[in-house]
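*Asks:* Got a file for you: data.cif, mmCIF, C-alpha atoms.
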```cif
data_query
loop_
_atom_site.group_PDB
_atom_site.id
_atom_site.type_symbol
_atom_site.label_atom_id
_atom_site.label_comp_id
_atom_site.auth_asym_id
_atom_site.auth_seq_id
_atom_site.Cartn_x
_atom_site.Cartn_y
_atom_site.Cartn_z
ATOM 1 C CA MET A 1 0.000 0.000 0.000
ATOM 2 C CA LYS A 2 3.075 2.160 -0.289
ATOM 3 C CA ASN A 3 1.867 3.849 -3.443
ATOM 4 C CA GLU A 4 -1.468 4.973 -1.977
ATOM 5 C CA ASN A 5 -0.238 8.486 -1.436
ATOM 6 C CA GLU A 6 0.923 8.569 -5.024
ATOM 7 C CA LEU A 7 -2.475 7.287 -6.200
ATOM 8 C CA LEU A 8 -4.147 9.931 -4.102
ATOM 9 C CA LYS A 9 -2.009 12.683 -5.617
ATOM 10 C CA ARG A 10 -2.758 11.440 -9.107
ATOM 11 C CA ALA A 11 -6.479 11.241 -8.346
ATOM 12 C CA ALA A 12 -6.411 14.796 -7.008
ATOM 13 C CA LYS A 13 -4.910 15.892 -10.327
ATOM 14 C CA GLY A 14 -7.786 14.277 -12.214
ATOM 15 C CA ASP A 15 -6.401 10.808 -12.915
ATOM 16 C CA GLU A 16 -9.550 8.710 -13.160
ATOM 17 C CA ALA A 17 -7.747 5.355 -13.148
ATOM 18 C CA ALA A 18 -5.973 6.244 -9.902
ATOM 19 C CA PHE A 19 -9.225 7.228 -8.218
ATOM 20 C CA LEU A 20 -10.917 4.056 -9.433
ATOM 21 C CA GLN A 21 -8.063 1.967 -8.084
ATOM 22 C CA LEU A 22 -8.378 3.611 -4.676
ATOM 23 C CA TYR A 23 -12.126 3.107 -4.697
ATOM 24 C CA GLN A 24 -11.956 -0.536 -5.659
ATOM 25 C CA ARG A 25 -9.297 -1.177 -3.061
ATOM 26 C CA HIS A 26 -11.151 0.366 -0.137
ATOM 27 C CA GLN A 27 -14.866 0.488 -0.833
ATOM 28 C CA GLY A 28 -15.471 -3.039 0.530
ATOM 29 C CA PRO A 29 -14.248 -2.446 4.105
ATOM 30 C CA VAL A 30 -15.883 0.993 4.235
ATOM 31 C CA PHE A 31 -19.162 -0.413 2.932
ATOM 32 C CA ARG A 32 -19.181 -3.336 5.366
ATOM 33 C CA PHE A 33 -18.376 -1.107 8.314
ATOM 34 C CA ALA A 34 -21.197 1.261 7.366
ATOM 35 C CA LEU A 35 -23.536 -1.686 6.819
ATOM 36 C CA HIS A 36 -22.740 -3.237 10.203
ATOM 37 C CA MET A 37 -23.217 0.108 11.881
ATOM 38 C CA SER A 38 -26.370 1.247 10.128
ATOM 39 C CA GLY A 39 -28.036 -2.039 9.348
ATOM 40 C CA GLN A 40 -29.173 -0.674 5.997
ATOM 41 C CA ARG A 41 -27.610 -1.293 2.642
ATOM 42 C CA GLU A 42 -28.909 1.972 1.254
ATOM 43 C CA THR A 43 -27.372 3.994 4.079
ATOM 44 C CA ALA A 44 -24.117 2.078 3.780
ATOM 45 C CA GLU A 45 -23.892 2.863 0.074
ATOM 46 C CA GLU A 46 -24.634 6.524 0.696
ATOM 47 C CA ILE A 47 -21.868 6.586 3.274
ATOM 48 C CA VAL A 48 -19.432 4.971 0.820
ATOM 49 C CA GLN A 49 -20.290 7.597 -1.727
ATOM 50 C CA GLU A 50 -19.899 10.455 0.745
ATOM 51 C CA VAL A 51 -16.606 9.100 2.074
ATOM 52 C CA PHE A 52 -15.025 8.912 -1.369
ATOM 53 C CA LEU A 53 -16.454 12.262 -2.399
ATOM 54 C CA SER A 54 -14.899 13.818 0.681
ATOM 55 C CA LEU A 55 -11.598 12.171 -0.246
ATOM 56 C CA LEU A 56 -11.935 13.693 -3.680
ATOM 57 C CA SER A 57 -12.692 17.183 -2.456
ATOM 58 C CA ALA A 58 -10.092 17.195 0.319
ATOM 59 C CA PRO A 59 -7.328 14.718 -0.514
ATOM 60 C CA LYS A 60 -4.977 16.523 1.848
ATOM 61 C CA GLY A 61 -7.172 15.462 4.755
ATOM 62 C CA PHE A 62 -5.325 12.176 4.739
ATOM 63 C CA VAL A 63 -1.868 12.388 6.272
ATOM 64 C CA GLU A 64 0.165 9.299 5.480
ATOM 65 C CA GLN A 65 2.213 9.519 8.656
ATOM 66 C CA ALA A 66 -0.925 9.436 10.789
ATOM 67 C CA GLY A 67 -2.017 5.999 9.575
ATOM 68 C CA ASN A 68 -3.130 4.073 6.546
ATOM 69 C CA LEU A 69 -5.732 5.233 4.077
ATOM 70 C CA GLN A 70 -8.208 2.498 4.978
ATOM 71 C CA GLY A 71 -8.154 3.604 8.603
ATOM 72 C CA TYR A 72 -8.690 7.181 7.516
ATOM 73 C CA LEU A 73 -11.640 6.217 5.305
ATOM 74 C CA ILE A 74 -13.246 4.094 8.008
ATOM 75 C CA GLY A 75 -12.711 6.982 10.438
ATOM 76 C CA THR A 76 -14.459 9.322 8.009
ATOM 77 C CA ALA A 77 -17.314 6.835 7.610
ATOM 78 C CA ARG A 78 -17.534 6.546 11.379
ATOM 79 C CA ASN A 79 -17.919 10.311 11.791
ATOM 80 C CA MET A 80 -20.541 10.463 9.066
ATOM 81 C CA LEU A 81 -22.455 7.588 10.636
ATOM 82 C CA ARG A 82 -22.301 9.204 14.048
ATOM 83 C CA ASN A 83 -23.752 12.397 12.632
ATOM 84 C CA ARG A 84 -26.529 10.439 10.995
ATOM 85 C CA LEU A 85 -27.203 8.383 14.089
ATOM 86 C CA ARG A 86 -27.298 11.558 16.144
ATOM 87 C CA GLN A 87 -29.892 13.013 13.829
ATOM 88 C CA THR A 88 -31.988 9.864 13.590
ATOM 89 C CA TRP A 89 -31.119 8.089 16.794
ATOM 90 C CA ARG A 90 -34.724 7.325 17.520
ATOM 91 C CA TYR A 91 -35.028 5.581 14.201
ATOM 92 C CA VAL A 92 -31.912 3.430 14.095
ATOM 93 C CA ALA A 93 -32.842 0.627 11.817
ATOM 94 C CA VAL A 94 -33.283 -2.590 13.666
ATOM 95 C CA GLU A 95 -34.541 -5.609 11.853
ATOM 96 C CA PRO A 96 -38.111 -6.421 12.801
ATOM 97 C CA ALA A 97 -38.345 -8.530 15.936
ATOM 98 C CA THR A 98 -39.608 -12.035 15.742
ATOM 99 C CA VAL A 99 -43.347 -11.932 15.349
ATOM 100 C CA GLY A 100 -46.301 -14.213 14.861
ATOM 101 C CA ALA A 101 -45.667 -17.496 13.162
ATOM 102 C CA GLU A 102 -41.967 -16.799 13.011
ATOM 103 C CA LEU A 103 -41.800 -17.524 16.718
ATOM 104 C CA PHE A 104 -42.089 -21.183 15.893
ATOM 105 C CA ASP A 105 -39.291 -20.930 13.408
ATOM 106 C CA ALA A 106 -36.839 -19.397 15.829
ATOM 107 C CA VAL A 107 -34.591 -22.410 15.840
ATOM 108 C CA SER A 108 -33.670 -21.940 12.227
ATOM 109 C CA LYS A 109 -30.204 -20.609 11.601
ATOM 110 C CA GLU A 110 -31.426 -17.862 9.352
ATOM 111 C CA GLN A 111 -33.662 -16.579 12.072
ATOM 112 C CA GLU A 112 -30.833 -16.794 14.552
ATOM 113 C CA LEU A 113 -28.595 -14.714 12.335
ATOM 114 C CA ARG A 114 -31.344 -12.187 11.840
ATOM 115 C CA GLU A 115 -31.732 -11.900 15.571
ATOM 116 C CA LEU A 116 -28.026 -11.617 16.033
ATOM 117 C CA ARG A 117 -27.951 -8.792 13.557
ATOM 118 C CA ALA A 118 -30.771 -7.051 15.350
ATOM 119 C CA ALA A 119 -28.899 -7.513 18.618
ATOM 120 C CA ILE A 120 -25.735 -5.976 17.113
ATOM 121 C CA LEU A 121 -27.711 -3.010 15.855
ATOM 122 C CA SER A 122 -29.189 -2.465 19.291
ATOM 123 C CA LEU A 123 -25.723 -2.186 20.853
ATOM 124 C CA PRO A 124 -24.419 1.301 21.703
ATOM 125 C CA PRO A 125 -22.384 2.662 18.758
ATOM 126 C CA ASN A 126 -19.042 2.419 20.576
ATOM 127 C CA TYR A 127 -19.633 -1.307 21.188
ATOM 128 C CA ARG A 128 -21.147 -1.888 17.791
ATOM 129 C CA GLU A 129 -18.177 -0.455 15.911
ATOM 130 C CA ILE A 130 -15.779 -2.755 17.729
ATOM 131 C CA VAL A 131 -17.925 -5.815 17.018
ATOM 132 C CA ALA A 132 -18.096 -4.658 13.392
ATOM 133 C CA LEU A 133 -14.338 -4.323 13.061
ATOM 134 C CA CYS A 134 -13.122 -7.219 15.196
ATOM 135 C CA ASP A 135 -15.810 -9.881 14.903
ATOM 136 C CA LEU A 136 -17.384 -9.119 11.556
ATOM 137 C CA GLU A 137 -14.367 -7.712 9.691
ATOM 138 C CA GLY A 138 -11.818 -9.948 11.415
ATOM 139 C CA MET A 139 -9.412 -7.195 12.433
ATOM 140 C CA ASP A 140 -7.084 -7.728 15.362
ATOM 141 C CA TYR A 141 -7.130 -5.457 18.391
ATOM 142 C CA SER A 142 -4.271 -3.256 17.208
ATOM 143 C CA GLN A 143 -5.839 -2.668 13.786
ATOM 144 C CA ALA A 144 -9.171 -1.783 15.360
ATOM 145 C CA ALA A 145 -7.421 0.472 17.863
ATOM 146 C CA SER A 146 -5.628 2.252 15.026
ATOM 147 C CA HIS A 147 -8.855 2.714 13.055
ATOM 148 C CA LEU A 148 -10.858 3.928 16.041
ATOM 149 C CA GLY A 149 -8.091 5.959 17.604
ATOM 150 C CA CYS A 150 -8.192 4.387 21.041
ATOM 151 C CA PRO A 151 -5.875 2.151 23.089
ATOM 152 C CA VAL A 152 -5.761 -1.598 22.520
ATOM 153 C CA GLY A 153 -6.891 -2.154 26.113
ATOM 154 C CA THR A 154 -10.058 -0.166 25.459
ATOM 155 C CA ILE A 155 -10.793 -2.260 22.387
ATOM 156 C CA ARG A 156 -10.274 -5.455 24.346
ATOM 157 C CA SER A 157 -12.516 -4.447 27.237
ATOM 158 C CA ARG A 158 -15.249 -3.001 25.024
ATOM 159 C CA LEU A 159 -15.271 -6.094 22.836
ATOM 160 C CA HIS A 160 -15.545 -8.284 25.892
ATOM 161 C CA ARG A 161 -18.507 -6.260 27.163
ATOM 162 C CA ALA A 162 -20.105 -6.118 23.726
ATOM 163 C CA ARG A 163 -19.904 -9.886 23.338
ATOM 164 C CA ALA A 164 -21.324 -10.397 26.808
ATOM 165 C CA THR A 165 -24.199 -8.042 25.970
ATOM 166 C CA LEU A 166 -24.828 -9.823 22.698
ATOM 167 C CA ALA A 167 -24.774 -13.222 24.357
ATOM 168 C CA ALA A 168 -27.225 -12.005 26.981
ATOM 169 C CA LYS A 169 -29.530 -10.577 24.324
ATOM 170 C CA MET A 170 -29.435 -13.786 22.367
ATOM 171 C CA GLN A 171 -30.134 -15.862 25.457
ATOM 172 C CA LYS A 172 -33.032 -13.620 26.307
ATOM 173 C CA ARG A 173 -34.499 -14.020 22.837
ATOM 174 C CA ILE A 174 -34.098 -17.763 22.905
ATOM 175 C CA ARG A 175 -35.854 -17.870 26.278
ATOM 176 C CA CYS A 176 -38.632 -15.681 24.910
ATOM 177 C CA THR A 177 -39.141 -17.872 21.892
ATOM 178 C CA ALA A 178 -38.853 -21.192 23.739
ATOM 179 C CA MET B 1 -17.870 -20.297 27.485
ATOM 180 C CA ASN B 2 -19.773 -22.313 24.914
ATOM 181 C CA GLU B 3 -22.102 -19.379 24.484
ATOM 182 C CA GLN B 4 -19.163 -17.150 23.606
ATOM 183 C CA ILE B 5 -17.804 -19.645 21.092
ATOM 184 C CA GLU B 6 -21.214 -20.067 19.550
ATOM 185 C CA LEU B 7 -21.647 -16.306 19.427
ATOM 186 C CA ILE B 8 -18.328 -15.773 17.655
ATOM 187 C CA ASP B 9 -19.176 -18.570 15.254
ATOM 188 C CA ASN B 10 -22.523 -16.966 14.519
ATOM 189 C CA LEU B 11 -20.887 -13.570 14.054
ATOM 190 C CA ARG B 12 -18.577 -15.076 11.443
ATOM 191 C CA ARG B 13 -21.481 -16.670 9.653
ATOM 192 C CA LEU B 14 -23.354 -13.396 9.767
ATOM 193 C CA ALA B 15 -20.355 -11.557 8.280
ATOM 194 C CA SER B 16 -20.168 -14.006 5.391
ATOM 195 C CA ALA B 17 -23.940 -13.831 4.833
ATOM 196 C CA LEU B 18 -24.015 -10.047 4.476
ATOM 197 C CA PRO B 19 -23.157 -8.252 1.219
ATOM 198 C CA ARG B 20 -19.432 -7.621 0.898
ATOM 199 C CA GLU B 21 -19.344 -4.664 -1.440
ATOM 200 C CA ALA B 22 -21.319 -1.638 -2.501
ATOM 201 C CA SER B 23 -23.337 -2.065 -5.673
ATOM 202 C CA PRO B 24 -21.815 -1.055 -9.023
ATOM 203 C CA ALA B 25 -24.236 1.875 -9.107
ATOM 204 C CA VAL B 26 -22.218 3.569 -6.357
ATOM 205 C CA GLU B 27 -19.063 3.270 -8.423
ATOM 206 C CA GLN B 28 -20.838 4.722 -11.436
ATOM 207 C CA LYS B 29 -22.171 7.653 -9.440
ATOM 208 C CA LEU B 30 -18.756 8.359 -7.986
ATOM 209 C CA MET B 31 -17.001 8.205 -11.314
ATOM 210 C CA THR B 32 -19.610 10.560 -12.762
ATOM 211 C CA ALA B 33 -18.988 12.948 -9.891
ATOM 212 C CA PHE B 34 -15.244 12.602 -10.485
ATOM 213 C CA ARG B 35 -15.584 13.471 -14.176
ATOM 214 C CA GLU B 36 -17.821 16.424 -13.374
ATOM 215 C CA ARG B 37 -15.162 17.825 -11.113
ATOM 216 C CA ARG B 38 -12.433 17.670 -13.738
ATOM 217 C CA PRO B 39 -13.853 20.236 -16.164
ATOM 218 C CA ARG B 40 -14.225 22.612 -13.250
ATOM 219 C CA LYS B 41 -10.516 22.263 -12.704
ATOM 220 C CA ILE B 42 -9.903 22.990 -16.360
ATOM 221 C CA ALA B 43 -12.216 26.002 -16.076
ATOM 222 C CA VAL B 44 -10.065 27.357 -13.279
ATOM 223 C CA TRP B 45 -7.066 27.089 -15.569
ATOM 224 C CA ALA B 46 -9.037 28.701 -18.350
ATOM 225 C CA TYR B 47 -9.910 31.590 -16.059
ATOM 226 C CA ALA B 48 -6.275 31.911 -15.059
ATOM 227 C CA ALA B 49 -5.158 31.865 -18.699
ATOM 228 C CA ALA B 50 -7.758 34.474 -19.619
ATOM 229 C CA ALA B 51 -6.657 36.683 -16.741
ATOM 230 C CA CYS B 52 -3.043 36.371 -17.903
ATOM 231 C CA ALA B 53 -4.060 37.284 -21.456
ATOM 232 C CA VAL B 54 -5.958 40.371 -20.277
ATOM 233 C CA LEU B 55 -3.009 41.404 -18.131
ATOM 234 C CA ALA B 56 -0.602 40.943 -21.030
ATOM 235 C CA ALA B 57 -2.859 42.965 -23.338
ATOM 236 C CA ALA B 58 -3.089 45.744 -20.772
ATOM 237 C CA LEU B 59 0.669 45.794 -20.426
ATOM 238 C CA VAL B 60 1.153 45.959 -24.185
ATOM 239 C CA LEU B 61 -1.380 48.765 -24.559
ATOM 240 C CA THR B 62 -0.069 50.876 -21.727
ATOM 241 C CA HIS B 63 3.599 50.186 -22.336
ATOM 242 C CA LYS B 64 5.627 53.051 -23.760
ATOM 243 C CA PRO B 65 8.827 51.924 -25.376
ATOM 244 C CA ALA B 66 11.866 53.151 -23.528
ATOM 245 C CA ARG B 67 13.389 56.152 -25.226
ATOM 246 C CA PRO B 68 16.872 55.539 -26.494
ATOM 247 C CA PRO B 69 19.460 57.227 -24.348
ATOM 248 C CA ARG B 70 20.004 60.779 -25.345
ATOM 249 C CA THR B 71 23.230 61.030 -27.263
ATOM 250 C CA LEU B 72 25.402 64.057 -27.177
ATOM 251 C CA ASP B 73 25.872 63.574 -30.933
ATOM 252 C CA VAL B 74 22.368 64.873 -31.378
ATOM 253 C CA TYR B 75 22.326 67.330 -28.519
ATOM 254 C CA LEU B 76 25.770 68.838 -28.772
ATOM 255 C CA PRO B 77 26.547 71.766 -26.511
ATOM 256 C CA SER B 78 26.548 75.069 -28.268
ATOM 257 C CA GLY B 79 29.509 75.757 -30.499
ATOM 258 C CA PHE B 80 30.523 72.142 -30.896
ATOM 259 C CA VAL B 81 30.778 70.654 -34.334
ATOM 260 C CA ALA B 82 30.337 66.917 -34.659
ATOM 261 C CA LEU B 83 33.295 65.092 -36.055
ATOM 262 C CA PRO B 84 31.941 63.165 -39.048
ATOM 263 C CA TYR B 85 34.511 60.439 -39.014
ATOM 264 C CA SER B 86 34.077 59.568 -35.406
ATOM 265 C CA GLN B 87 30.403 58.648 -35.192
ATOM 266 C CA SER B 88 30.750 55.677 -32.934
ATOM 267 C CA GLY B 89 27.974 53.130 -32.898
ATOM 268 C CA VAL B 90 27.983 53.425 -29.128
ATOM 269 C CA PRO B 91 25.619 56.157 -27.942
ATOM 270 C CA MET B 92 27.381 58.853 -26.036
ATOM 271 C CA GLU B 93 25.932 58.821 -22.556
ATOM 272 C CA SER B 94 28.610 60.866 -20.886
ATOM 273 C CA ALA B 95 31.500 62.907 -22.099
ATOM 274 C CA ILE B 96 34.405 64.962 -21.020
ATOM 275 C CA VAL B 97 35.776 68.090 -22.565
ATOM 276 C CA ILE B 98 39.473 68.287 -23.186
ATOM 277 C CA ARG B 99 40.975 71.613 -24.035
ATOM 278 C CA VAL B 100 43.703 71.370 -26.657
ATOM 279 C CA ARG B 101 45.850 73.663 -28.779
ATOM 280 C CA ILE B 102 45.438 72.993 -32.469
ATOM 281 C CA ARG B 103 46.323 74.619 -35.786
ATOM 282 C CA PRO B 104 43.446 76.538 -37.530
ATOM 283 C CA ALA B 105 43.933 74.472 -40.669
ATOM 284 C CA GLU B 106 43.376 71.246 -38.771
ATOM 285 C CA LEU B 107 40.278 72.718 -37.191
ATOM 286 C CA SER B 108 39.064 73.733 -40.593
ATOM 287 C CA SER B 109 39.560 70.166 -41.879
ATOM 288 C CA MET B 110 37.322 68.994 -39.094
ATOM 289 C CA GLY B 111 34.533 71.247 -40.361
ATOM 290 C CA VAL B 112 34.969 74.014 -37.842
ATOM 291 C CA ALA B 113 34.604 77.441 -39.304
ATOM 292 C CA VAL B 114 37.833 79.292 -38.755
ATOM 293 C CA PRO B 115 38.086 83.024 -39.432
ATOM 294 C CA ALA B 116 39.889 83.673 -42.671
ATOM 295 C CA ALA B 117 42.207 86.057 -40.954
ATOM 296 C CA ALA B 118 43.377 83.397 -38.508
ATOM 297 C CA SER B 119 47.116 83.020 -38.367
ATOM 298 C CA THR B 120 48.993 79.788 -38.533
ATOM 299 C CA ALA B 121 49.553 79.971 -34.770
ATOM 300 C CA LYS B 122 47.799 77.310 -32.722
ATOM 301 C CA VAL B 123 44.477 78.175 -31.218
ATOM 302 C CA GLN B 124 42.619 76.771 -28.239
ATOM 303 C CA ALA B 125 39.822 74.295 -28.938
ATOM 304 C CA ASP B 126 37.595 72.029 -26.845
ATOM 305 C CA VAL B 127 37.336 68.397 -27.860
ATOM 306 C CA LEU B 128 34.324 66.433 -26.671
ATOM 307 C CA VAL B 129 35.341 62.851 -25.869
ATOM 308 C CA GLY B 130 32.686 60.198 -25.233
ATOM 309 C CA GLN B 131 32.690 57.518 -22.514
ATOM 310 C CA ASP B 132 34.221 55.175 -25.092
ATOM 311 C CA GLY B 133 37.259 57.413 -25.516
ATOM 312 C CA VAL B 134 36.318 58.480 -29.018
ATOM 313 C CA ALA B 135 36.415 62.225 -29.867
ATOM 314 C CA ARG B 136 32.952 63.211 -31.029
ATOM 315 C CA ALA B 137 32.992 66.949 -31.478
ATOM 316 C CA VAL B 138 35.162 69.983 -31.374
ATOM 317 C CA ARG B 139 34.713 73.739 -30.915
ATOM 318 C CA LEU B 140 36.849 76.757 -31.200
ATOM 319 C CA VAL B 141 37.413 78.535 -27.914
ATOM 320 C CA GLU B 142 38.934 81.728 -29.147
#
```
Please render this file's structure as structure tokens.

*Replies:*
Amino acid sequence: MKNENELLKRAAKGDEAAFLQLYQRHQGPVFRFALHMSGQRETAEEIVQEVFLSLLSAPKGFVEQAGNLQGYLIGTARNMLRNRLRQTWRYVAVEPATVGAELFDAVSKEQELRELRAAILSLPPNYREIVALCDLEGMDYSQAASHLGCPVGTIRSRLHRARATLAAKMQKRIRCTA
Amino acid sequence: MNEQIELIDNLRRLASALPREASPAVEQKLMTAFRERRPRKIAVWAYAAAACAVLAAALVLTHKPARPPRTLDVYLPSGFVALPYSQSGVPMESAIVIRVRIRPAELSSMGVAVPAAASTAKVQADVLVGQDGVARAVRLVE
């Protein structure tokens, strides 16, 4: 990823191929992070678009010495998501809870995953983002710490608490549906 | 403990079940936005070029060519007669006057009007010498 700064400079000068290369390299992680945080594909895609547009309009916002470009882009997405969540915090999208006949289908794996997703989306944002990066994206503690700008110890403790909360939520749901 | 393991396993399965990338429509929109920004950049250059052209035109129109340095060949002090054979190509920007004693006949050959009654005795004359050391003009003192 050594040539990312070079690609960024070329993109800023109007090199379409360089911009496309940057987009294709980083859109996946940014999209998945936004999807895990918002729970909505549409919102996640809007965030991806906004993140790369902001990179286009202010390429000097990224300082190579301060970290890698992916971390910077995820950080930008995080700020944008926080602003959105702040504006629409009452309406954070959570998948519909198990209702009606679906109660009897709760043992199915698909249903379980749906519930797990709903449980993740109901976590506080600072827990949710760590679950998104570490458990869903497979980053290690140091990578997540670098992306979120906090100590590794904080990541570790928050992840532990987030998992415990998730496990409790899942247990509660299973008990409710049993 | 089993709950934790099961949870992590389910999280992994959830991650693989969710879409991995933004749809191609996002890429298209972004590339369109990228292309729309480029002409604006060109327009900035066009504005800059136009401004330079206007500035250059204004300079040309208001510019007065520098006058050539005044030469003492043209503006000789009163009484001096230019020496025809010594018109140096170098403009005379400064000069010194050297007073000499010279025969009237020699003065006459230089184009200086000498009274007919002048004797053969030497007379005083001023020679104008330019900054290049070349004598440019001469005048009769007496």

*Asks:* Enumerate, as a PyMOL selection string, the residues matched when the PyMOL selection byres ((chain B) within 9 of (chain A)) is run on the file above.

*Replies:* chain B and resi 3-4+7-8+10-23+26-27+29-31+33-35+37-38+41

*Asks:* Could you save the residues just selected, with C-alpha atoms, as a CSV table (one decimal), keeping the file's coordinate frame?

*Replies:*
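Contents of the output file result.csv:
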```
chain,number,residue,atom,x,y,z
B,3,GLU,CA,-22.1,-19.4,24.5
B,4,GLN,CA,-19.2,-17.2,23.6
B,7,LEU,CA,-21.6,-16.3,19.4
B,8,ILE,CA,-18.3,-15.8,17.7
B,10,ASN,CA,-22.5,-17.0,14.5
B,11,LEU,CA,-20.9,-13.6,14.1
B,12,ARG,CA,-18.6,-15.1,11.4
B,13,ARG,CA,-21.5,-16.7,9.7
B,14,LEU,CA,-23.4,-13.4,9.8
B,15,ALA,CA,-20.4,-11.6,8.3
B,16,SER,CA,-20.2,-14.0,5.4
B,17,ALA,CA,-23.9,-13.8,4.8
B,18,LEU,CA,-24.0,-10.0,4.5
B,19,PRO,CA,-23.2,-8.3,1.2
B,20,ARG,CA,-19.4,-7.6,0.9
B,21,GLU,CA,-19.3,-4.7,-1.4
B,22,ALA,CA,-21.3,-1.6,-2.5
B,23,SER,CA,-23.3,-2.1,-5.7
B,26,VAL,CA,-22.2,3.6,-6.4
B,27,GLU,CA,-19.1,3.3,-8.4
B,29,LYS,CA,-22.2,7.7,-9.4
B,30,LEU,CA,-18.8,8.4,-8.0
B,31,MET,CA,-17.0,8.2,-11.3
B,33,ALA,CA,-19.0,12.9,-9.9
B,34,PHE,CA,-15.2,12.6,-10.5
B,35,ARG,CA,-15.6,13.5,-14.2
B,37,ARG,CA,-15.2,17.8,-11.1
B,38,ARG,CA,-12.4,17.7,-13.7
B,41,LYS,CA,-10.5,22.3,-12.7
```

*Asks:* Just to confirm, what's the straight-line distance from CA of Ala135 (chain B) to CA of Leu107 (chain B) in Å (one decimal)?

*Replies:*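 Taking CA of Ala135 (chain B) as the start and CA of Leu107 (chain B) as the end point, the length is 13.4 Å.
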
*Asks:* If the PyMOL selection byres ((chain B and resi 109-123) around 12) were run on this exact file, what residues would it hold? Put them as a tab-separated table (two decimals) with C-alpha atoms, in the coordinates of the input.

*Replies:*
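See part-v9.tsv below for the written result:
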```tsv
chain	number	residue	atom	x	y	z
B	79	GLY	CA	29.51	75.76	-30.50
B	80	PHE	CA	30.52	72.14	-30.90
B	81	VAL	CA	30.78	70.65	-34.33
B	82	ALA	CA	30.34	66.92	-34.66
B	83	LEU	CA	33.30	65.09	-36.06
B	84	PRO	CA	31.94	63.16	-39.05
B	85	TYR	CA	34.51	60.44	-39.01
B	86	SER	CA	34.08	59.57	-35.41
B	99	ARG	CA	40.98	71.61	-24.04
B	100	VAL	CA	43.70	71.37	-26.66
B	101	ARG	CA	45.85	73.66	-28.78
B	102	ILE	CA	45.44	72.99	-32.47
B	103	ARG	CA	46.32	74.62	-35.79
B	104	PRO	CA	43.45	76.54	-37.53
B	105	ALA	CA	43.93	74.47	-40.67
B	106	GLU	CA	43.38	71.25	-38.77
B	107	LEU	CA	40.28	72.72	-37.19
B	108	SER	CA	39.06	73.73	-40.59
B	124	GLN	CA	42.62	76.77	-28.24
B	125	ALA	CA	39.82	74.30	-28.94
B	126	ASP	CA	37.60	72.03	-26.84
B	127	VAL	CA	37.34	68.40	-27.86
B	135	ALA	CA	36.42	62.22	-29.87
B	136	ARG	CA	32.95	63.21	-31.03
B	137	ALA	CA	32.99	66.95	-31.48
B	138	VAL	CA	35.16	69.98	-31.37
B	139	ARG	CA	34.71	73.74	-30.92
B	140	LEU	CA	36.85	76.76	-31.20
B	141	VAL	CA	37.41	78.54	-27.91
B	142	GLU	CA	38.93	81.73	-29.15
```

*Asks:* Centre and edge lengths, as JSON, for the axis-aligned box enclosing every listed atom of region 36-44 of chain A with 3 Å of padding on each of the six sides, in Å to one decimal?

*Replies:*
```
{"center_x": -26.0, "center_y": 0.4, "center_z": 6.6, "size_x": 12.4, "size_y": 13.2, "size_z": 16.6}
```

*Asks:* As an exercise, work out the distance from CA of Thr154 (chain A) to CA of Ser142 (chain A) in Å and give it to one decimal place.

*Replies:*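 Value for the CA of Thr154 (chain A)-CA of Ser142 (chain A) distance: 10.5 Å.
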
*Asks:* At what distance in Å, to one decimal, does CA of Val63 (chain A) lie from CA of His147 (chain A)?

*Replies:*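 Between CA of His147 (chain A) and CA of Val63 (chain A) the gap works out to 13.7 Å.
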
*Asks:* Please return as a list in words every residue within 7 Å of (-7.7, 3.2, 9.9), taking into account all atoms listed in the file and the file's own coordinates.

*Replies:*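 So the residues meeting the distance criterion are Gly67, Asn68, Leu69, Gln70, Gly71, Tyr72, Leu73, Ile74, Gly75, Ser146, His147 and Leu148 of chain A.
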